[in-house]
>>> print(open('run-v6.csv').read())   # CSV, C-alpha atoms
chain,number,residue,atom,x,y,z
V,6,MET,CA,17.3,-175.7,-147.2
V,7,PRO,CA,17.8,-179.0,-145.4
V,8,ILE,CA,15.0,-181.2,-144.2
V,9,ILE,CA,15.0,-180.9,-140.4
V,10,ARG,CA,14.7,-184.1,-138.5
V,11,ASP,CA,14.7,-184.7,-134.8
V,12,PRO,CA,15.2,-188.2,-133.6
V,13,SER,CA,13.7,-187.3,-130.2
V,14,ARG,CA,10.3,-186.7,-131.8
V,15,PRO,CA,7.6,-188.4,-129.7
V,16,GLU,CA,5.5,-190.8,-131.8
V,17,SER,CA,2.4,-190.3,-129.7
V,18,CYS,CA,1.8,-186.7,-130.8
V,19,ALA,CA,0.2,-187.5,-134.2
V,20,GLY,CA,-3.5,-186.7,-134.3
V,21,PRO,CA,-6.1,-185.6,-136.9
V,22,ILE,CA,-7.4,-182.1,-137.3
V,23,LYS,CA,-11.2,-182.1,-137.1
V,24,ARG,CA,-13.3,-180.5,-139.8
V,25,ARG,CA,-14.2,-177.4,-137.7
V,26,ALA,CA,-10.6,-176.6,-137.1
V,27,ARG,CA,-9.7,-177.1,-140.7
V,28,ARG,CA,-12.5,-174.8,-141.8
V,29,ILE,CA,-11.2,-172.1,-139.4
V,30,LEU,CA,-7.6,-172.7,-140.6
V,31,ARG,CA,-8.6,-172.1,-144.2
V,32,ASN,CA,-10.7,-169.0,-143.6
V,33,VAL,CA,-9.0,-166.8,-141.0
V,34,ASP,CA,-6.9,-163.8,-142.1
V,35,ARG,CA,-3.9,-164.4,-139.9
V,36,VAL,CA,-1.7,-167.5,-139.6
V,37,VAL,CA,1.7,-167.5,-137.9
V,38,LEU,CA,4.2,-170.3,-137.6
V,39,THR,CA,6.7,-170.5,-134.6
V,40,GLY,CA,9.8,-172.6,-134.3
V,41,THR,CA,12.9,-172.5,-132.1
V,42,SER,CA,16.3,-171.5,-133.4
V,43,SER,CA,19.6,-173.0,-132.4
V,44,ASP,CA,20.2,-170.4,-129.6
V,45,GLY,CA,16.8,-171.4,-128.0
V,46,ASN,CA,15.0,-168.2,-129.1
V,47,PHE,CA,11.6,-168.5,-130.7
V,48,VAL,CA,11.1,-167.4,-134.3
V,49,THR,CA,7.6,-166.5,-135.5
V,50,ILE,CA,6.6,-165.6,-139.1
V,51,PRO,CA,3.3,-165.1,-140.9
V,52,VAL,CA,2.5,-167.9,-143.4
V,53,GLU,CA,-0.1,-168.8,-146.0
V,54,VAL,CA,-2.0,-172.0,-145.6
V,55,GLU,CA,-1.8,-174.0,-148.9
V,56,ALA,CA,-3.6,-177.1,-147.8
V,57,ALA,CA,-5.2,-178.2,-144.5
V,58,GLY,CA,-6.0,-181.9,-144.3
V,59,ALA,CA,-6.8,-184.1,-141.3
V,60,GLY,CA,-3.3,-185.4,-141.0
V,61,LEU,CA,-1.2,-182.8,-142.7
V,62,VAL,CA,-1.1,-179.0,-143.0
V,63,ALA,CA,1.0,-177.3,-145.7
V,64,VAL,CA,2.0,-173.7,-145.3
V,65,ARG,CA,4.2,-171.3,-147.3
V,66,LEU,CA,6.8,-169.0,-145.7
V,67,PRO,CA,7.0,-165.4,-147.0
V,68,ASN,CA,10.8,-165.4,-147.4
V,69,ASP,CA,13.8,-167.8,-147.2
V,70,SER,CA,14.7,-166.9,-143.6
V,71,PHE,CA,13.1,-169.1,-141.0
V,72,PRO,CA,16.1,-170.2,-139.0
V,73,VAL,CA,14.6,-173.0,-136.9
V,74,ASP,CA,16.6,-175.9,-135.4
V,75,SER,CA,13.9,-178.2,-134.1
V,76,ILE,CA,11.0,-179.9,-135.9
V,77,LYS,CA,8.7,-178.9,-133.0
V,78,VAL,CA,6.5,-176.0,-134.3
V,79,CYS,CA,3.3,-174.3,-133.4
V,80,LEU,CA,0.9,-173.0,-135.9
V,81,CYS,CA,-1.5,-170.3,-134.7
V,82,ALA,CA,-4.4,-169.3,-136.9
V,83,HIS,CA,-6.7,-166.6,-135.7
V,84,GLN,CA,-9.1,-163.8,-136.6
V,85,HIS,CA,-10.5,-161.1,-134.5
V,86,GLY,CA,-13.5,-159.0,-135.2
V,87,ASN,CA,-13.8,-155.5,-133.9
V,88,GLY,CA,-10.9,-155.7,-131.4
V,89,TYR,CA,-11.5,-158.7,-129.3
V,90,GLU,CA,-15.3,-158.6,-129.5
V,91,SER,CA,-15.3,-161.9,-131.4
V,92,PHE,CA,-12.6,-164.3,-132.4
V,93,LYS,CA,-11.9,-167.7,-133.7
V,94,GLN,CA,-8.6,-169.4,-133.3
V,95,VAL,CA,-6.9,-172.7,-133.9
V,96,VAL,CA,-3.5,-173.6,-132.4
V,97,ILE,CA,-1.7,-176.7,-133.7
V,98,TYR,CA,1.4,-178.3,-132.1
V,99,GLY,CA,3.1,-180.5,-134.6
V,100,ASP,CA,6.3,-181.7,-136.3
V,101,ALA,CA,7.5,-179.8,-139.3
V,102,GLU,CA,9.4,-180.7,-142.5
V,103,ILE,CA,10.8,-177.7,-144.2
V,104,ARG,CA,11.7,-177.7,-147.9
V,105,GLY,CA,12.6,-174.2,-149.1
V,106,ARG,CA,9.6,-172.1,-148.4
V,107,GLU,CA,7.2,-175.1,-148.1
V,108,VAL,CA,6.5,-176.3,-144.6
V,109,ARG,CA,4.5,-179.5,-144.0
V,110,ILE,CA,3.2,-180.0,-140.5
V,111,ARG,CA,2.0,-183.3,-139.0
V,112,PRO,CA,-0.4,-182.3,-136.2
V,113,GLY,CA,-0.1,-183.4,-132.6
V,114,ASN,CA,-2.4,-181.5,-130.3
V,115,VAL,CA,-5.0,-179.2,-131.8
V,116,LEU,CA,-6.8,-176.5,-129.7
V,117,VAL,CA,-9.8,-174.6,-131.0
V,118,SER,CA,-11.6,-171.7,-129.4
V,119,THR,CA,-14.2,-169.3,-130.6
V,120,ARG,CA,-16.0,-166.3,-129.2
V,121,PRO,CA,-19.2,-165.1,-130.8
V,122,PRO,CA,-19.8,-161.3,-131.2
V,123,GLY,CA,-22.0,-159.2,-128.9
V,124,ILE,CA,-23.6,-160.1,-125.6
V,125,LEU,CA,-23.4,-163.8,-126.2
V,126,GLY,CA,-19.6,-163.6,-126.6
V,127,ASP,CA,-19.3,-161.4,-123.5
V,128,PHE,CA,-21.4,-163.9,-121.5
V,129,LYS,CA,-19.5,-166.9,-122.8
V,130,SER,CA,-16.1,-165.3,-121.9
V,131,GLY,CA,-17.3,-164.1,-118.5
V,132,SER,CA,-18.9,-167.3,-117.3
V,133,GLU,CA,-16.1,-169.6,-118.6
V,134,SER,CA,-13.3,-167.4,-117.2
V,135,SER,CA,-15.1,-167.0,-113.8
V,136,ARG,CA,-15.6,-170.7,-113.5
V,137,ARG,CA,-12.0,-171.5,-114.3
V,138,SER,CA,-10.7,-168.6,-112.2
V,139,LYS,CA,-12.6,-169.7,-109.1
V,140,THR,CA,-11.2,-173.2,-109.4
V,141,ASN,CA,-7.6,-172.0,-109.9
V,142,LEU,CA,-7.8,-169.4,-107.2
V,143,ALA,CA,-9.1,-171.9,-104.7
V,144,LYS,CA,-6.2,-174.2,-105.6
V,145,TRP,CA,-3.7,-171.4,-105.1
V,146,GLY,CA,-5.4,-170.2,-101.9
V,147,ARG,CA,-6.0,-166.8,-103.4
V,148,GLU,CA,-9.0,-164.4,-103.5
V,149,PRO,CA,-10.3,-162.8,-106.7
V,150,VAL,CA,-10.2,-159.1,-107.2
V,151,SER,CA,-12.8,-157.5,-104.8
V,152,MET,CA,-16.3,-156.5,-105.9
V,153,ASP,CA,-15.7,-153.2,-104.2
V,154,LEU,CA,-12.8,-152.4,-106.4
V,155,LEU,CA,-14.7,-153.5,-109.5
V,156,ASP,CA,-17.6,-151.3,-108.4
V,157,ARG,CA,-15.2,-148.3,-108.0
V,158,ALA,CA,-13.4,-149.0,-111.3
V,159,PHE,CA,-16.5,-149.7,-113.5
V,160,GLY,CA,-19.6,-148.8,-111.6
V,161,THR,CA,-21.3,-145.5,-111.0
V,162,LYS,CA,-20.3,-145.2,-107.3
C,19,MET,CA,14.3,-149.7,-117.1
C,20,ALA,CA,15.0,-147.3,-120.0
C,21,GLU,CA,13.8,-146.7,-123.5
C,22,LEU,CA,15.0,-149.3,-126.0
C,23,LYS,CA,17.9,-148.3,-128.3
C,24,LEU,CA,16.2,-149.0,-131.6
C,25,PRO,CA,15.6,-147.0,-134.8
C,26,GLU,CA,12.5,-144.8,-134.7
C,27,TRP,CA,10.6,-146.8,-137.3
C,28,VAL,CA,11.1,-150.0,-135.3
C,29,LEU,CA,9.8,-148.3,-132.1
C,30,ASP,CA,6.9,-146.9,-134.0
C,31,SER,CA,6.1,-150.4,-135.4
C,32,ILE,CA,6.2,-151.9,-131.9
C,33,GLY,CA,3.9,-149.2,-130.6
C,34,ALA,CA,1.5,-149.5,-133.5
C,35,TYR,CA,-0.1,-152.8,-132.7
C,36,THR,CA,-2.7,-153.7,-130.1
C,37,THR,CA,-2.6,-157.4,-130.7
C,38,GLY,CA,0.5,-159.7,-130.9
C,39,GLU,CA,1.2,-163.4,-131.0
C,40,LEU,CA,2.9,-164.4,-127.7
C,41,THR,CA,5.1,-167.6,-127.7
C,42,THR,CA,6.0,-169.4,-124.5
C,43,ALA,CA,7.8,-172.7,-124.1
C,44,ALA,CA,5.2,-175.5,-123.4
C,45,LYS,CA,6.1,-178.3,-121.0
C,46,SER,CA,6.0,-180.7,-124.0
C,47,GLY,CA,8.9,-178.9,-125.5
C,48,TYR,CA,6.8,-177.3,-128.3
C,49,PRO,CA,6.6,-173.5,-128.7
C,50,SER,CA,3.1,-172.4,-127.7
C,51,THR,CA,1.7,-169.3,-129.6
C,52,PHE,CA,-1.5,-167.5,-128.7
C,53,PRO,CA,-2.8,-164.1,-129.7
C,54,VAL,CA,-2.8,-161.5,-126.9
C,55,ALA,CA,-3.7,-157.9,-126.4
C,56,VAL,CA,-0.5,-156.0,-125.9
C,57,ALA,CA,0.6,-152.5,-124.8
C,58,PHE,CA,4.1,-151.0,-125.4
C,59,ASP,CA,5.4,-148.8,-122.5
C,60,ARG,CA,7.9,-146.8,-124.5
C,61,ALA,CA,9.4,-145.0,-121.5
C,62,THR,CA,10.4,-148.3,-119.8
C,63,GLY,CA,11.0,-150.3,-123.0
C,64,GLN,CA,8.7,-153.0,-121.8
C,65,LEU,CA,5.7,-154.7,-123.4
C,66,VAL,CA,2.8,-155.6,-121.2
C,67,THR,CA,0.0,-158.2,-121.6
C,68,THR,CA,-2.3,-160.0,-119.2
C,69,THR,CA,-4.0,-163.3,-118.7
C,70,SER,CA,-7.0,-164.3,-116.6
C,71,ALA,CA,-6.4,-166.4,-113.5
C,72,GLY,CA,-8.7,-168.9,-115.3
C,73,PHE,CA,-6.2,-169.5,-118.1
C,74,PRO,CA,-2.8,-169.6,-116.5
C,75,ALA,CA,-1.0,-171.8,-119.0
C,76,LYS,CA,1.2,-168.9,-120.3
C,77,VAL,CA,2.1,-168.1,-116.7
C,78,SER,CA,3.1,-171.7,-115.9
C,79,ASN,CA,5.2,-171.8,-119.0
C,80,ILE,CA,7.0,-168.5,-118.2
C,81,ARG,CA,7.7,-169.6,-114.6
C,82,ARG,CA,9.4,-172.7,-116.1
C,83,ASN,CA,11.2,-170.8,-118.8
C,84,SER,CA,11.1,-167.0,-119.0
C,85,ARG,CA,12.2,-166.9,-122.6
C,86,VAL,CA,9.4,-165.6,-124.8
C,87,GLY,CA,8.7,-164.4,-128.3
C,88,LEU,CA,6.2,-161.7,-129.4
C,89,PHE,CA,5.3,-161.1,-133.0
C,90,LEU,CA,3.6,-157.8,-133.9
C,91,GLY,CA,2.1,-157.4,-137.3
C,92,TYR,CA,-1.6,-158.2,-137.2
C,93,GLU,CA,-3.9,-155.4,-138.0
C,94,VAL,CA,-6.9,-155.7,-135.8
C,95,SER,CA,-8.1,-152.1,-135.7
C,96,SER,CA,-7.6,-149.2,-138.1
C,97,ALA,CA,-5.1,-147.7,-135.7
C,98,ASP,CA,-2.7,-150.6,-136.4
C,99,ARG,CA,-2.2,-149.8,-140.1
C,100,GLY,CA,0.9,-148.4,-141.7
C,101,ALA,CA,3.5,-150.2,-139.5
C,102,GLY,CA,6.1,-152.8,-140.4
C,103,ALA,CA,6.3,-156.2,-138.6
C,104,VAL,CA,8.4,-156.9,-135.5
C,105,HIS,CA,9.4,-160.1,-133.8
C,106,ILE,CA,10.6,-159.6,-130.3
C,107,GLN,CA,12.8,-162.1,-128.4
C,108,GLY,CA,13.1,-161.5,-124.7
C,109,GLN,CA,12.5,-162.4,-121.1
C,110,ALA,CA,9.1,-162.3,-119.4
C,111,ALA,CA,8.2,-161.6,-115.8
C,112,ILE,CA,5.0,-162.4,-114.0
C,113,GLU,CA,3.2,-160.0,-111.6
C,114,ASP,CA,0.6,-161.7,-109.5
C,115,ASP,CA,1.4,-160.5,-105.9
C,116,SER,CA,-1.8,-158.4,-105.8
C,117,PHE,CA,-4.6,-158.8,-108.2
C,118,GLU,CA,-6.1,-155.5,-106.9
C,119,MET,CA,-2.9,-153.6,-107.8
C,120,ASN,CA,-2.8,-155.3,-111.2
C,121,LEU,CA,-6.3,-154.2,-112.0
C,122,MET,CA,-5.5,-150.6,-110.9
C,123,SER,CA,-2.2,-150.5,-112.9
C,124,LEU,CA,-4.0,-151.6,-116.0
C,125,ALA,CA,-5.6,-148.2,-116.2
C,126,ARG,CA,-2.3,-147.0,-117.6
C,127,TYR,CA,-2.8,-149.3,-120.6
C,128,PRO,CA,-6.2,-148.5,-122.2
C,129,SER,CA,-5.4,-150.7,-125.2
C,130,LEU,CA,-5.6,-153.7,-122.9
C,131,THR,CA,-8.8,-152.8,-121.1
C,132,GLU,CA,-10.8,-151.2,-123.9
C,133,ILE,CA,-10.1,-153.8,-126.6
C,134,GLN,CA,-13.5,-155.4,-126.2
C,135,PRO,CA,-15.8,-152.5,-127.2
C,136,GLY,CA,-19.0,-153.7,-125.5
C,137,LEU,CA,-17.4,-154.9,-122.3
C,138,LYS,CA,-16.8,-151.5,-120.6
C,139,ARG,CA,-20.5,-150.6,-121.2
C,140,ARG,CA,-21.7,-153.9,-119.8
C,141,MET,CA,-19.4,-153.5,-116.8
C,142,ARG,CA,-21.6,-150.6,-115.6
C,143,ASN,CA,-24.2,-153.2,-114.7
C,144,PRO,CA,-23.5,-154.9,-111.3
C,145,LEU,CA,-24.6,-158.3,-112.6
C,146,TRP,CA,-22.0,-158.2,-115.3
C,147,ARG,CA,-19.4,-157.1,-112.8
C,148,LYS,CA,-20.2,-160.1,-110.7
C,149,LEU,CA,-20.0,-162.4,-113.8
C,150,TYR,CA,-16.6,-160.8,-114.8
C,151,GLN,CA,-15.0,-161.0,-111.3
C,152,GLY,CA,-12.9,-163.9,-112.3
C,153,TYR,CA,-12.1,-162.5,-115.7
C,154,MET,CA,-10.9,-159.2,-114.1
C,155,THR,CA,-8.6,-161.1,-111.8
C,156,ARG,CA,-5.7,-160.6,-114.1
C,157,ILE,CA,-2.1,-161.7,-114.0
C,158,ILE,CA,0.3,-159.2,-115.7
C,159,ILE,CA,3.1,-160.4,-117.9
C,160,THR,CA,5.9,-157.9,-118.7
C,161,ILE,CA,8.3,-158.6,-121.6
C,162,ARG,CA,11.8,-157.1,-121.7
C,163,PRO,CA,13.1,-157.3,-125.3
C,164,GLU,CA,16.6,-158.6,-125.9
C,165,ARG,CA,16.6,-158.9,-129.6
C,166,VAL,CA,14.3,-157.6,-132.3
C,167,LEU,CA,13.8,-158.8,-135.8
C,168,ALA,CA,12.1,-156.0,-137.9
C,169,TRP,CA,10.6,-156.0,-141.4
C,170,ARG,CA,9.5,-152.8,-143.1
C,171,ASP,CA,7.0,-154.9,-145.0
C,172,PRO,CA,4.3,-156.1,-142.6
C,173,LYS,CA,3.9,-159.3,-144.7
C,174,CYS,CA,7.6,-160.1,-144.0
C,175,ARG,CA,8.4,-160.7,-147.7
C,176,ASP,CA,11.9,-159.2,-147.3
C,177,GLU,CA,14.7,-160.3,-145.0
C,178,PRO,CA,14.5,-158.9,-141.4
C,179,GLU,CA,16.8,-156.4,-139.9
C,180,VAL,CA,18.1,-157.6,-136.6
C,181,PHE,CA,18.8,-155.4,-133.6
C,182,ASN,CA,20.2,-156.2,-130.1
C,183,CYS,CA,18.5,-154.2,-127.3
C,184,GLN,CA,21.2,-154.8,-124.6
>>> encode(input="run-v6.csv", output="structure tokens")
Amino acid sequence: MPIIRDPSRPESCAGPIKRRARRILRNVDRVVLTGTSSDGNFVTIPVEVEAAGAGLVAVRLPNDSFPVDSIKVCLCAHQHGNGYESFKQVVIYGDAEIRGREVRIRPGNVLVSTRPPGILGDFKSGSESSRRSKTNLAKWGREPVSMDLLDRAFGTK
Amino acid sequence: MAELKLPEWVLDSIGAYTTGELTTAAKSGYPSTFPVAVAFDRATGQLVTTTSAGFPAKVSNIRRNSRVGLFLGYEVSSADRGAGAVHIQGQAAIEDDSFEMNLMSLARYPSLTEIQPGLKRRMRNPLWRKLYQGYMTRIIITIRPERVLAWRDPKCRDEPEVFNCQ
């Protein structure tokens, strides 16, 4: 398998992965790697994390078939408890070097989000989503779904 | 829209999962993959997911480039077990003309609305409904598969079988 290089790679994307994100990355039960094939389609495959450092993540592909044509990849590590009641996830955008089944990723942007279980998680999701929705809907000149419909759908009316 | 022309085991695998990893094309040129709750409408051959109006990054990406990927192979609930893994390459469409219609049409996909076990119970309380008004303002994303890569092994240790859906 050749090493994939892309001369158009932006230099500014390199950035360290903080300790919290590295801990999630090592401990979640699901990690997938996505690249783009030569026809422009996305290819996603589950991988195993072999090492997670601040400036480099090494993962292992499950087979020899990962036909990507760009070094730009996205690593998504997540774990859900009891449906979506709780979750932790780390998404890393980075540049990959592939040798056989070994993939080394130099991280660019790293996104971390978590949701605790139970009432705390529901409160966190609800308040954050409402705040962001209100801002976006105002920007778009739109109204949220009506309280009357929510009452009819979920209430006891 | 019609049922996908795929082998039964592949259709069963698509329908078996309630969570998938959706990839859209980020503005930066990188693929952007996030876990989503997903439902398979077997009669129309489409997959359905949603996002809150508060987190519209997927929607912006799809409006710029409708090409998406959806990987199904993560066992969140016991109902997910026993299936292979499937990677769907296809085109996505956004439905956000009426948030009220979107909320009503989601009743057809219980896997999307009942995936958080405590939420339905809490939504009986009017204060929680007020808190969740923004969260329930959902944008629907429908995915029309064009090509499917399927593994009988959910860990993908074998080579995929490739199927064209068109």
>>> interface_residues(input="run-v6.csv", of="chain C", to="chain V", cutoff="7 Å", atoms="all atoms listed in the file", output="ChimeraX atom specification")
/C:48-52,71-72,86-87,89,94-95,105,107,117-118,133-135,137,141-142,147,149-155,173-177
>>> write_last_selection(input="run-v6.csv", atoms="C-alpha atoms", output="mmCIF file, keeping the file's coordinate frame")
data_model
loop_
_atom_site.group_PDB
_atom_site.id
_atom_site.type_symbol
_atom_site.label_atom_id
_atom_site.label_comp_id
_atom_site.auth_asym_id
_atom_site.auth_seq_id
_atom_site.Cartn_x
_atom_site.Cartn_y
_atom_site.Cartn_z
ATOM 1 C CA TYR C 48 6.800 -177.300 -128.300
ATOM 2 C CA PRO C 49 6.600 -173.500 -128.700
ATOM 3 C CA SER C 50 3.100 -172.400 -127.700
ATOM 4 C CA THR C 51 1.700 -169.300 -129.600
ATOM 5 C CA PHE C 52 -1.500 -167.500 -128.700
ATOM 6 C CA ALA C 71 -6.400 -166.400 -113.500
ATOM 7 C CA GLY C 72 -8.700 -168.900 -115.300
ATOM 8 C CA VAL C 86 9.400 -165.600 -124.800
ATOM 9 C CA GLY C 87 8.700 -164.400 -128.300
ATOM 10 C CA PHE C 89 5.300 -161.100 -133.000
ATOM 11 C CA VAL C 94 -6.900 -155.700 -135.800
ATOM 12 C CA SER C 95 -8.100 -152.100 -135.700
ATOM 13 C CA HIS C 105 9.400 -160.100 -133.800
ATOM 14 C CA GLN C 107 12.800 -162.100 -128.400
ATOM 15 C CA PHE C 117 -4.600 -158.800 -108.200
ATOM 16 C CA GLU C 118 -6.100 -155.500 -106.900
ATOM 17 C CA ILE C 133 -10.100 -153.800 -126.600
ATOM 18 C CA GLN C 134 -13.500 -155.400 -126.200
ATOM 19 C CA PRO C 135 -15.800 -152.500 -127.200
ATOM 20 C CA LEU C 137 -17.400 -154.900 -122.300
ATOM 21 C CA MET C 141 -19.400 -153.500 -116.800
ATOM 22 C CA ARG C 142 -21.600 -150.600 -115.600
ATOM 23 C CA ARG C 147 -19.400 -157.100 -112.800
ATOM 24 C CA LEU C 149 -20.000 -162.400 -113.800
ATOM 25 C CA TYR C 150 -16.600 -160.800 -114.800
ATOM 26 C CA GLN C 151 -15.000 -161.000 -111.300
ATOM 27 C CA GLY C 152 -12.900 -163.900 -112.300
ATOM 28 C CA TYR C 153 -12.100 -162.500 -115.700
ATOM 29 C CA MET C 154 -10.900 -159.200 -114.100
ATOM 30 C CA THR C 155 -8.600 -161.100 -111.800
ATOM 31 C CA LYS C 173 3.900 -159.300 -144.700
ATOM 32 C CA CYS C 174 7.600 -160.100 -144.000
ATOM 33 C CA ARG C 175 8.400 -160.700 -147.700
ATOM 34 C CA ASP C 176 11.900 -159.200 -147.300
ATOM 35 C CA GLU C 177 14.700 -160.300 -145.000
#
>>> atom_distance(input="run-v6.csv", atom1="atom CA of Ala55 of chain C", atom2="atom CA of Ile29 of chain V")
20.7 Å
>>> atom_distance(input="run-v6.csv", atom1="atom CA of Leu130 of chain C", atom2="atom CA of Ala57 of chain C")
6.6 Å
>>> closest_residue(input="run-v6.csv", among="C:Met119, C:Trp146, C:Thr42, C:Ala34", to="Pro74 of chain C", atoms="only C-alpha atoms")
C:Thr42
>>> axis_aligned_box(input="run-v6.csv", around="segment 53-71 of chain C", padding_each_side="4 Å", output="AutoDock Vina command-line options")
--center_x 2.0 --center_y -155.7 --center_z -121.6 --size_x 26.0 --size_y 29.4 --size_z 24.2
>>> residues_near_point(input="run-v6.csv", point="(-9.3, -180.8, -142.3)", cutoff="6 Å", atoms="all atoms listed in the file", output="PyMOL selection string")
chain V and resi 22-24+27+57-59
>>> closest_residue(input="run-v6.csv", among="C:Arg82, C:Ala75, C:Ala103, C:Asn143", to="Gly33 of chain C", atoms="only C-alpha atoms")
C:Ala103
>>> residues_around(input="run-v6.csv", residues="segment 178-181 of chain C", least_positions_apart="4", cutoff="7 Å", atoms="only C-alpha atoms", output="VMD selection string")
chain C and resid 165 to 169
>>> write_last_selection(input="run-v6.csv", atoms="C-alpha atoms", output="short mmCIF file (atom, residue, chain, number, x, y, z; two decimals), keeping the file's coordinate frame")
data_model
loop_
_atom_site.label_atom_id
_atom_site.label_comp_id
_atom_site.auth_asym_id
_atom_site.auth_seq_id
_atom_site.Cartn_x
_atom_site.Cartn_y
_atom_site.Cartn_z
CA ARG C 165 16.60 -158.90 -129.60
CA VAL C 166 14.30 -157.60 -132.30
CA LEU C 167 13.80 -158.80 -135.80
CA ALA C 168 12.10 -156.00 -137.90
CA TRP C 169 10.60 -156.00 -141.40
#
>>> atom_distance(input="run-v6.csv", atom1="atom CA of Ala61 of chain C", atom2="atom CA of Tyr35 of chain C")
16.6 Å
>>> closest_residue(input="run-v6.csv", among="C:Thr62, C:Ala44, C:Arg85, C:Arg162", to="Asp44 of chain V", atoms="only C-alpha atoms")
C:Arg85
>>> closest_residue(input="run-v6.csv", among="V:Val117, V:Ala26, V:Val73, V:Leu125", to="Ser43 of chain V", atoms="only C-alpha atoms")
V:Val73
>>> closest_residue(input="run-v6.csv", among="C:Val54, C:Leu65, C:Val28, C:Val104", to="Thr160 of chain C", atoms="all atoms listed in the file")
C:Leu65
>>> residues_around(input="run-v6.csv", residues="Ser31 of chain C", least_positions_apart="4", cutoff="12 Å", atoms="all atoms listed in the file", output="ChimeraX atom specification")
/C:24-27,35-36,38,58,60,89-93,97-106,166-172
>>> build_atoms(input="run-v6.csv", residues="segment 162-174 of chain C", atoms="N, CA, C and O atoms", output="tab-separated table (two decimals), in the frame of the given file")
chain	number	residue	atom	x	y	z
C	162	ARG	N	10.62	-157.97	-121.48
C	162	ARG	CA	11.80	-157.10	-121.70
C	162	ARG	C	12.47	-157.60	-122.99
C	162	ARG	O	13.06	-158.69	-123.01
C	163	PRO	N	12.43	-156.81	-124.08
C	163	PRO	CA	13.10	-157.30	-125.30
C	163	PRO	C	14.58	-157.37	-125.20
C	163	PRO	O	15.23	-156.54	-124.56
C	164	GLU	N	15.14	-158.41	-125.80
C	164	GLU	CA	16.60	-158.60	-125.90
C	164	GLU	C	17.09	-158.44	-127.31
C	164	GLU	O	18.15	-157.92	-127.56
C	165	ARG	N	16.28	-158.98	-128.22
C	165	ARG	CA	16.60	-158.90	-129.60
C	165	ARG	C	15.37	-158.70	-130.44
C	165	ARG	O	14.32	-159.25	-130.10
C	166	VAL	N	15.50	-157.89	-131.48
C	166	VAL	CA	14.30	-157.60	-132.30
C	166	VAL	C	14.61	-157.83	-133.75
C	166	VAL	O	15.65	-157.41	-134.27
C	167	LEU	N	13.72	-158.56	-134.39
C	167	LEU	CA	13.80	-158.80	-135.80
C	167	LEU	C	12.68	-157.88	-136.44
C	167	LEU	O	11.52	-157.99	-136.02
C	168	ALA	N	13.06	-157.00	-137.37
C	168	ALA	CA	12.10	-156.00	-137.90
C	168	ALA	C	12.02	-156.08	-139.39
C	168	ALA	O	13.05	-156.16	-140.06
C	169	TRP	N	10.79	-156.04	-139.90
C	169	TRP	CA	10.60	-156.00	-141.40
C	169	TRP	C	9.84	-154.70	-141.66
C	169	TRP	O	8.87	-154.36	-140.99
C	170	ARG	N	10.28	-154.00	-142.70
C	170	ARG	CA	9.50	-152.80	-143.10
C	170	ARG	C	8.22	-153.21	-143.78
C	170	ARG	O	7.25	-152.49	-143.75
C	171	ASP	N	8.22	-154.41	-144.38
C	171	ASP	CA	7.00	-154.90	-145.00
C	171	ASP	C	6.24	-155.77	-143.95
C	171	ASP	O	6.76	-156.78	-143.46
C	172	PRO	N	5.00	-155.37	-143.58
C	172	PRO	CA	4.30	-156.10	-142.60
C	172	PRO	C	3.99	-157.59	-142.94
C	172	PRO	O	3.73	-158.42	-142.08
C	173	LYS	N	4.08	-157.91	-144.24
C	173	LYS	CA	3.90	-159.30	-144.70
C	173	LYS	C	5.19	-160.10	-144.61
C	173	LYS	O	5.23	-161.28	-145.00
C	174	CYS	N	6.29	-159.44	-144.22
C	174	CYS	CA	7.60	-160.10	-144.00
C	174	CYS	C	8.15	-160.74	-145.30
C	174	CYS	O	8.78	-161.79	-145.24
